[in-house]
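What follows is final_36.pdb (PDB, C-alpha atoms).
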MODEL        1
ATOM      1  CA  MET A 138      39.765  -4.051  35.441
ATOM      2  CA  GLY A 139      42.555  -6.602  35.505
ATOM      3  CA  TYR A 140      44.612  -4.978  38.256
ATOM      4  CA  LYS A 141      45.731  -6.949  41.273
ATOM      5  CA  VAL A 142      45.397  -4.801  44.385
ATOM      6  CA  GLN A 143      46.995  -5.950  47.627
ATOM      7  CA  THR A 144      46.249  -4.044  50.832
ATOM      8  CA  ILE A 145      48.489  -4.176  53.894
ATOM      9  CA  LEU A 146      47.006  -3.095  57.232
ATOM     10  CA  VAL A 147      49.392  -1.950  59.954
ATOM     11  CA  ASP A 148      48.415  -3.221  63.404
ATOM     12  CA  GLU A 149      49.278  -0.529  65.953
ATOM     13  CA  ARG A 150      49.350  -3.202  68.661
ATOM     14  CA  ASN A 151      52.664  -4.371  67.223
ATOM     15  CA  GLU A 152      55.141  -4.835  70.081
ATOM     16  CA  GLU A 153      57.636  -2.540  68.370
ATOM     17  CA  GLY A 154      55.056   0.190  67.833
ATOM     18  CA  PRO A 155      53.000   1.445  64.829
ATOM     19  CA  LEU A 156      55.965   3.133  63.118
ATOM     20  CA  ALA A 157      57.973  -0.094  63.076
ATOM     21  CA  GLY A 158      54.907  -1.867  61.674
ATOM     22  CA  ALA A 159      54.555   0.720  58.885
ATOM     23  CA  LYS A 160      58.230   0.345  57.993
ATOM     24  CA  GLU A 161      57.932  -3.433  57.788
ATOM     25  CA  ALA A 162      54.724  -3.195  55.716
ATOM     26  CA  LEU A 163      56.569  -0.983  53.234
ATOM     27  CA  ARG A 164      59.466  -3.432  53.033
ATOM     28  CA  VAL A 165      57.005  -6.242  52.307
ATOM     29  CA  SER A 166      55.305  -4.231  49.550
ATOM     30  CA  LEU A 167      58.672  -3.427  47.967
ATOM     31  CA  ARG A 168      59.585  -7.114  47.915
ATOM     32  CA  MET A 169      56.307  -7.876  46.142
ATOM     33  CA  GLY A 170      57.647  -5.997  43.122
ATOM     34  CA  GLU A 171      54.385  -4.273  42.218
ATOM     35  CA  SER A 172      54.316  -1.346  39.807
ATOM     36  CA  ALA A 173      52.582   1.075  42.200
ATOM     37  CA  ILE A 174      52.654   1.733  45.938
ATOM     38  CA  ILE A 175      50.188   3.961  47.779
ATOM     39  CA  MET A 176      50.885   4.884  51.415
ATOM     40  CA  GLY A 177      48.091   6.243  53.544
ATOM     41  CA  GLU A 178      50.259   8.502  55.709
ATOM     42  CA  VAL A 179      54.001   9.082  55.625
ATOM     43  CA  ARG A 180      55.074  10.108  59.121
ATOM     44  CA  GLY A 181      58.055   8.158  60.451
ATOM     45  CA  GLU A 182      60.900   5.774  59.828
ATOM     46  CA  GLU A 183      59.142   4.265  56.814
ATOM     47  CA  ALA A 184      59.851   7.535  54.975
ATOM     48  CA  ARG A 185      63.578   6.756  54.966
ATOM     49  CA  THR A 186      62.947   3.319  53.481
ATOM     50  CA  LEU A 187      60.578   4.798  50.915
ATOM     51  CA  TYR A 188      62.991   7.482  49.675
ATOM     52  CA  GLN A 189      65.920   5.087  49.567
ATOM     53  CA  SER A 190      63.880   2.771  47.350
ATOM     54  CA  MET A 191      62.705   5.627  45.134
ATOM     55  CA  ARG A 192      66.252   6.876  44.548
ATOM     56  CA  THR A 193      67.536   3.409  43.644
ATOM     57  CA  GLY A 194      64.591   2.630  41.357
ATOM     58  CA  LYS A 195      63.311  -0.265  43.460
ATOM     59  CA  ALA A 196      59.981   1.257  44.390
ATOM     60  CA  GLY A 197      58.052   0.629  41.173
ATOM     61  CA  SER A 198      56.870   3.108  38.580
ATOM     62  CA  THR A 199      54.390   5.026  40.753
ATOM     63  CA  ILE A 200      54.585   6.059  44.397
ATOM     64  CA  MET A 201      51.832   8.057  46.076
ATOM     65  CA  GLY A 202      51.378   8.988  49.700
ATOM     66  CA  THR A 203      49.708  11.478  51.991
ATOM     67  CA  ILE A 204      51.370  13.705  54.584
ATOM     68  CA  HIS A 205      50.140  16.553  56.745
ATOM     69  CA  GLY A 206      51.132  20.008  55.521
ATOM     70  CA  ASP A 207      49.520  23.198  54.257
ATOM     71  CA  SER A 208      51.973  23.757  51.382
ATOM     72  CA  ALA A 209      54.791  22.124  49.465
ATOM     73  CA  THR A 210      57.301  24.073  51.538
ATOM     74  CA  SER A 211      55.835  22.796  54.809
ATOM     75  CA  VAL A 212      55.930  19.237  53.460
ATOM     76  CA  TYR A 213      59.575  19.683  52.474
ATOM     77  CA  ASN A 214      60.468  21.039  55.914
ATOM     78  CA  ARG A 215      58.692  18.208  57.670
ATOM     79  CA  VAL A 216      60.262  15.462  55.558
ATOM     80  CA  VAL A 217      63.775  16.933  55.573
ATOM     81  CA  HIS A 218      64.032  18.477  59.030
ATOM     82  CA  ASP A 219      61.609  16.382  61.093
ATOM     83  CA  MET A 220      62.057  12.984  59.428
ATOM     84  CA  GLY A 221      65.733  13.351  58.612
ATOM     85  CA  ILE A 222      65.497  12.763  54.856
ATOM     86  CA  ALA A 223      68.373  14.344  52.917
ATOM     87  CA  PRO A 224      67.331  17.282  50.690
ATOM     88  CA  GLU A 225      68.769  15.481  47.656
ATOM     89  CA  ALA A 226      66.717  12.385  48.484
ATOM     90  CA  PHE A 227      63.547  14.476  48.722
ATOM     91  CA  MET A 228      64.089  15.431  45.076
ATOM     92  CA  ALA A 229      62.827  11.936  44.181
ATOM     93  CA  THR A 230      59.393  13.498  44.811
ATOM     94  CA  ASP A 231      57.988  14.672  41.489
ATOM     95  CA  VAL A 232      54.701  16.398  42.335
ATOM     96  CA  ILE A 233      53.044  17.706  45.496
ATOM     97  CA  VAL A 234      49.313  18.428  45.565
ATOM     98  CA  THR A 235      48.038  20.404  48.562
ATOM     99  CA  LEU A 236      44.398  20.172  49.607
ATOM    100  CA  GLY A 237      42.666  22.592  51.933
ATOM    101  CA  THR A 238      39.318  22.711  53.698
ATOM    102  CA  ILE A 239      37.026  25.648  53.020
ATOM    103  CA  LYS A 240      33.472  26.507  53.984
ATOM    104  CA  ASP A 241      30.904  26.435  51.206
ATOM    105  CA  ARG A 242      29.053  29.780  51.282
ATOM    106  CA  ARG A 243      25.847  28.269  49.949
ATOM    107  CA  THR A 244      25.531  25.205  52.170
ATOM    108  CA  GLY A 245      27.834  26.004  55.055
ATOM    109  CA  ASN A 246      29.471  22.588  54.693
ATOM    110  CA  LEU A 247      33.207  22.080  54.845
ATOM    111  CA  VAL A 248      34.585  20.884  51.516
ATOM    112  CA  ARG A 249      38.062  20.022  50.265
ATOM    113  CA  ARG A 250      39.629  22.018  47.451
ATOM    114  CA  MET A 251      42.986  21.840  45.731
ATOM    115  CA  ARG A 252      45.091  24.772  46.882
ATOM    116  CA  GLU A 253      48.407  24.079  45.205
ATOM    117  CA  VAL A 254      49.970  21.734  42.644
ATOM    118  CA  VAL A 255      53.729  22.041  42.210
ATOM    119  CA  SER A 256      56.717  19.995  41.166
ATOM    120  CA  THR A 257      60.188  19.854  42.608
ATOM    121  CA  SER A 258      62.833  21.861  40.771
ATOM    122  CA  GLU A 259      66.557  21.447  40.270
ATOM    123  CA  VAL A 260      67.173  23.216  43.606
ATOM    124  CA  PRO A 261      66.125  21.418  46.832
ATOM    125  CA  GLY A 262      63.400  23.277  48.692
ATOM    126  CA  THR A 263      62.163  25.287  45.706
ATOM    127  CA  PHE A 264      59.108  24.384  43.649
ATOM    128  CA  ILE A 265      57.521  25.085  40.271
ATOM    129  CA  ASP A 266      53.828  25.878  39.882
ATOM    130  CA  ILE A 267      52.806  23.381  37.206
ATOM    131  CA  SER A 268      49.300  24.819  37.019
ATOM    132  CA  ASP A 269      50.978  27.627  35.076
ATOM    133  CA  GLN A 270      51.052  26.632  31.407
ATOM    134  CA  ASP A 271      54.415  28.271  30.775
ATOM    135  CA  ALA A 272      56.152  27.401  34.045
ATOM    136  CA  MET A 273      55.255  23.718  33.918
ATOM    137  CA  PHE A 274      57.664  23.109  31.037
ATOM    138  CA  ASP A 275      60.547  24.023  33.357
ATOM    139  CA  ALA A 276      59.644  21.195  35.722
ATOM    140  CA  PRO A 277      62.070  18.221  35.641
ATOM    141  CA  VAL A 278      59.169  15.761  35.726
ATOM    142  CA  MET A 279      57.630  17.407  32.646
ATOM    143  CA  LYS A 280      60.937  17.355  30.789
ATOM    144  CA  ARG A 281      61.305  13.631  31.478
ATOM    145  CA  ALA A 282      57.719  12.915  30.425
ATOM    146  CA  MET A 283      58.142  14.828  27.164
ATOM    147  CA  GLN A 284      61.380  13.009  26.418
ATOM    148  CA  VAL A 285      59.849   9.592  27.008
ATOM    149  CA  ALA A 286      56.685  10.401  25.028
ATOM    150  CA  GLN A 287      58.594  12.216  22.273
ATOM    151  CA  MET A 288      56.164  15.128  22.448
ATOM    152  CA  GLY A 289      56.631  18.861  21.928
ATOM    153  CA  ARG A 290      55.028  21.726  23.826
ATOM    154  CA  ARG A 291      52.115  22.116  21.434
ATOM    155  CA  GLU A 292      51.334  18.388  21.611
ATOM    156  CA  VAL A 293      51.510  18.402  25.407
ATOM    157  CA  ILE A 294      49.130  21.369  25.691
ATOM    158  CA  LYS A 295      46.652  19.703  23.333
ATOM    159  CA  ASP A 296      46.932  16.458  25.303
ATOM    160  CA  ILE A 297      46.229  18.231  28.599
ATOM    161  CA  ARG A 298      43.276  20.146  27.140
ATOM    162  CA  ALA A 299      41.751  16.987  25.700
ATOM    163  CA  ARG A 300      42.144  15.068  28.966
ATOM    164  CA  SER A 301      40.722  17.978  30.946
ATOM    165  CA  ALA A 302      37.719  18.300  28.637
ATOM    166  CA  MET A 303      36.920  14.579  28.833
ATOM    167  CA  ARG A 304      37.302  14.519  32.634
ATOM    168  CA  SER A 305      34.992  17.537  32.961
ATOM    169  CA  TYR A 306      32.450  15.851  30.718
ATOM    170  CA  LEU A 307      32.557  12.656  32.797
ATOM    171  CA  ALA A 308      32.181  14.677  35.995
ATOM    172  CA  GLU A 309      29.081  16.346  34.565
ATOM    173  CA  LEU A 310      27.593  12.990  33.556
ATOM    174  CA  GLY A 311      28.470  11.624  36.982
ATOM    175  CA  LYS A 312      26.066  14.045  38.638
ATOM    176  CA  THR A 313      23.184  11.900  37.398
ATOM    177  CA  ASP A 314      24.926   8.558  36.806
ATOM    178  CA  GLU A 315      27.816   7.575  39.091
ATOM    179  CA  ARG A 316      28.810   4.896  36.604
ATOM    180  CA  PHE A 317      30.648   7.579  34.635
ATOM    181  CA  LEU A 318      32.841   8.360  37.653
ATOM    182  CA  GLY A 319      34.335   4.869  37.620
ATOM    183  CA  PRO A 320      37.878   4.031  36.470
ATOM    184  CA  GLU A 321      36.569   2.222  33.385
ATOM    185  CA  TRP A 322      35.622   5.533  31.773
ATOM    186  CA  ILE A 323      38.971   7.101  32.646
ATOM    187  CA  LEU A 324      40.646   4.206  30.864
ATOM    188  CA  ALA A 325      38.254   4.608  27.935
ATOM    189  CA  SER A 326      39.156   8.297  27.587
ATOM    190  CA  ASN A 327      42.876   7.536  27.749
ATOM    191  CA  ASP A 328      42.498   4.786  25.157
ATOM    192  CA  LEU A 329      40.604   7.086  22.804
ATOM    193  CA  LEU A 330      43.264   9.781  23.151
ATOM    194  CA  SER A 331      46.010   7.323  22.248
ATOM    195  CA  ARG A 332      44.130   6.157  19.131
ATOM    196  CA  MET A 333      43.168   9.539  17.696
ATOM    197  CA  PRO A 334      45.248  10.855  14.768
ATOM    198  CA  PRO A 335      47.957  13.394  15.697
ATOM    199  CA  ALA A 336      46.163  16.138  13.761
ATOM    200  CA  ALA A 337      42.973  15.780  15.822
ATOM    201  CA  SER A 338      42.143  18.811  17.962
ATOM    202  CA  ALA A 339      41.104  18.675  21.618
ATOM    203  CA  GLU A 340      37.563  19.627  20.568
ATOM    204  CA  SER A 341      37.294  16.808  18.012
ATOM    205  CA  ILE A 342      38.594  14.320  20.576
ATOM    206  CA  LEU A 343      35.956  15.457  23.060
ATOM    207  CA  ASN A 344      33.186  15.194  20.457
ATOM    208  CA  GLU A 345      34.242  11.648  19.596
ATOM    209  CA  PHE A 346      34.295  10.762  23.279
ATOM    210  CA  LYS A 347      30.790  12.179  23.731
ATOM    211  CA  ARG A 348      29.582  10.072  20.824
ATOM    212  CA  ARG A 349      30.999   6.933  22.397
ATOM    213  CA  THR A 350      29.481   7.632  25.798
ATOM    214  CA  VAL A 351      26.073   8.162  24.197
ATOM    215  CA  GLU A 352      26.405   4.881  22.303
ATOM    216  CA  ALA A 353      27.475   3.028  25.434
ATOM    217  CA  ASP A 354      24.615   4.509  27.423
ATOM    218  CA  GLY A 355      22.174   3.551  24.657
ATOM    219  CA  GLU A 356      23.460  -0.027  24.580
ATOM    220  CA  ARG A 357      23.055  -0.212  28.346
ATOM    221  CA  TRP A 358      19.481   1.088  28.070
ATOM    222  CA  HIS A 359      18.598  -1.466  25.358
ATOM    223  CA  LEU A 360      20.162  -4.282  27.382
ATOM    224  CA  ARG A 361      18.102  -3.332  30.428
ATOM    225  CA  ASN A 362      14.939  -3.251  28.320
ATOM    226  CA  ARG A 363      15.696  -6.675  26.819
ATOM    227  CA  GLN A 364      16.237  -8.086  30.292
ATOM    228  CA  GLN A 365      12.920  -6.646  31.469
ATOM    229  CA  GLU A 366      11.099  -8.002  28.412
ATOM    230  CA  ALA A 367      12.638 -11.429  28.923
ATOM    231  CA  ALA A 368      11.562 -11.394  32.563
ATOM    232  CA  GLN A 369       8.009 -10.460  31.556
ATOM    233  CA  ARG A 370       7.816 -13.308  29.017
ATOM    234  CA  MET A 371       9.062 -15.785  31.599
ATOM    235  CA  PRO A 372       6.306 -17.853  33.270
ATOM    236  CA  HIS A 373       5.274 -16.375  36.609
ATOM    237  CA  ARG A 374       6.213 -19.489  38.597
ATOM    238  CA  ARG A 375       9.693 -19.614  37.049
ATOM    239  CA  ARG A 376      10.291 -15.933  37.799
ATOM    240  CA  HIS A 377       9.249 -16.570  41.386
ATOM    241  CA  ASP A 378      11.594 -19.556  41.650
ATOM    242  CA  ASP A 379      14.472 -17.539  40.228
ATOM    243  CA  LEU A 380      13.872 -14.834  42.785
ATOM    244  CA  LEU A 381      13.932 -17.400  45.565
ATOM    245  CA  ALA A 382      17.170 -18.851  44.177
TER     246      ALA A 382
ENDMDL
END
As structure tokens, how would this structure be written, given the file I've shared?
Amino acid sequence: MGYKVQTILVDERNEEGPLAGAKEALRVSLRMGESAIIMGEVRGEEARTLYQSMRTGKAGSTIMGTIHGDSATSVYNRVVHDMGIAPEAFMATDVIVTLGTIKDRRTGNLVRRMREVVSTSEVPGTFIDISDQDAMFDAPVMKRAMQVAQMGRREVIKDIRARSAMRSYLAELGKTDERFLGPEWILASNDLLSRMPPAASAESILNEFKRRTVEADGERWHLRNRQQEAAQRMPHRRRHDDLLA
């Protein structure tokens, strides 16, 4: 897809301990100057380095990490009180998504479900439920996004509905063809949304996206058939040699 992904593995056999190794790995990633950083688990001294970088704008455009907690409030308490991060520094966090494990009544299997999605507010330790269509416009992160994108409330709601509809459609297709769950189709949906005229409704955007997925799937089917036909026309000995190669 054109992205350069660099992984950094922390060796817990480090003489200074795993937390020191995580802190140093973060410092290395910050020096690399990449546009996004994803941390597997925020749990120690590296959190201080991370929040300092986020507040000064040195941590790239996107920071994501995981931390143990059953709610945004518990995450705030752990970061501020257990890790020693100042409440004002914690406000560099834009969004917190909480996942929980529940038991599926039909299968009995344990599955993960999203329990909460909130943003930080203007007051440390308080949060805004951004799954609420009205409340989300009070979130600082939403206000910044709308200012940068030069979009009004109506445009934002249409944008969210269109993205949601296309993601749901891809998820449905992915039940029978995992190819549609790949990042390429997410990029394709985002690209389509950016190219559609402002007057286009969420429904018309979805219909256009469906048309394109059908065309792409048809082209893939024809390509596979042409490859099979070419293989059948190929002399038997040559096909055998190609298989051996």
Task: Expected selection from the PyMOL selection byres ((chain A and resi 299) around 12), given as a VMD selection string - done: chain A and resid 292 to 298 300 to 306 326 to 327 329 to 331 333 337 to 346
Write out as JSON lines the residues of region 209-276 of chain A that have any atom within 10 Å of an atom of region 180-187 of chain A, one row each with the nearest atom pair and its distance in Å to one decimal, counting all atoms listed in the file, sorted by chain and then rising number.
{"residue": "A:Arg215", "atom": "CA", "partner": "A:Arg180", "partner_atom": "CA", "distance": 9.0}
{"residue": "A:Val216", "atom": "CA", "partner": "A:Ala184", "partner_atom": "CA", "distance": 8.0}
{"residue": "A:Asp219", "atom": "CA", "partner": "A:Gly181", "partner_atom": "CA", "distance": 9.0}
{"residue": "A:Met220", "atom": "CA", "partner": "A:Gly181", "partner_atom": "CA", "distance": 6.4}
{"residue": "A:Gly221", "atom": "CA", "partner": "A:Arg185", "partner_atom": "CA", "distance": 7.8}
{"residue": "A:Ile222", "atom": "CA", "partner": "A:Arg185", "partner_atom": "CA", "distance": 6.3}
{"residue": "A:Ala223", "atom": "CA", "partner": "A:Arg185", "partner_atom": "CA", "distance": 9.2}
{"residue": "A:Ala226", "atom": "CA", "partner": "A:Arg185", "partner_atom": "CA", "distance": 9.1}
{"residue": "A:Phe227", "atom": "CA", "partner": "A:Arg185", "partner_atom": "CA", "distance": 9.9}
TODO: Determine the nearest neighbour of Val254 (chain A) from the options A:Glu321, A:Asp231, A:Asp275, A:Glu225, counting all atoms listed in the file.
DONE: A:Asp231
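The space separating CA of Pro334 (chain A) from CA of Val232 (chain A) comes to 29.7 Å.
Using all atoms listed in the file for every distance, the candidate list A:Met191, A:Ala272, A:Val248, A:Met201 yields A:Met201 as the residue closest to Gly177 (chain A).
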Open item on the list: If the PyMOL selection byres ((chain A and resi 236-246) around 12) were run on this exact file, what residues would it hold? Put them as a VMD selection string.
Closed with: chain A and resid 203 to 209 233 to 235 247 to 254
Task: Atomic separation - CA of Tyr188 (chain A) relative to CA of Thr230 (chain A), Å - done: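 Calculated distance between CA of Thr230 (chain A) and CA of Tyr188 (chain A) is 8.5 Å.
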Open item on the list: Applying 8 Å and all atoms listed in the file, which residues near Ile267 (chain A) remain after dropping the ones on its own chain fewer than 3 positions away? List them as a list in words.
Closed with: Val254, Val255, Ser256, Gln270, Ala272, Met273, Phe274 and Ala276 of chain A
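Interatomic distance, CA of Ala286 (chain A) against CA of Gln189 (chain A): 26.8 Å.
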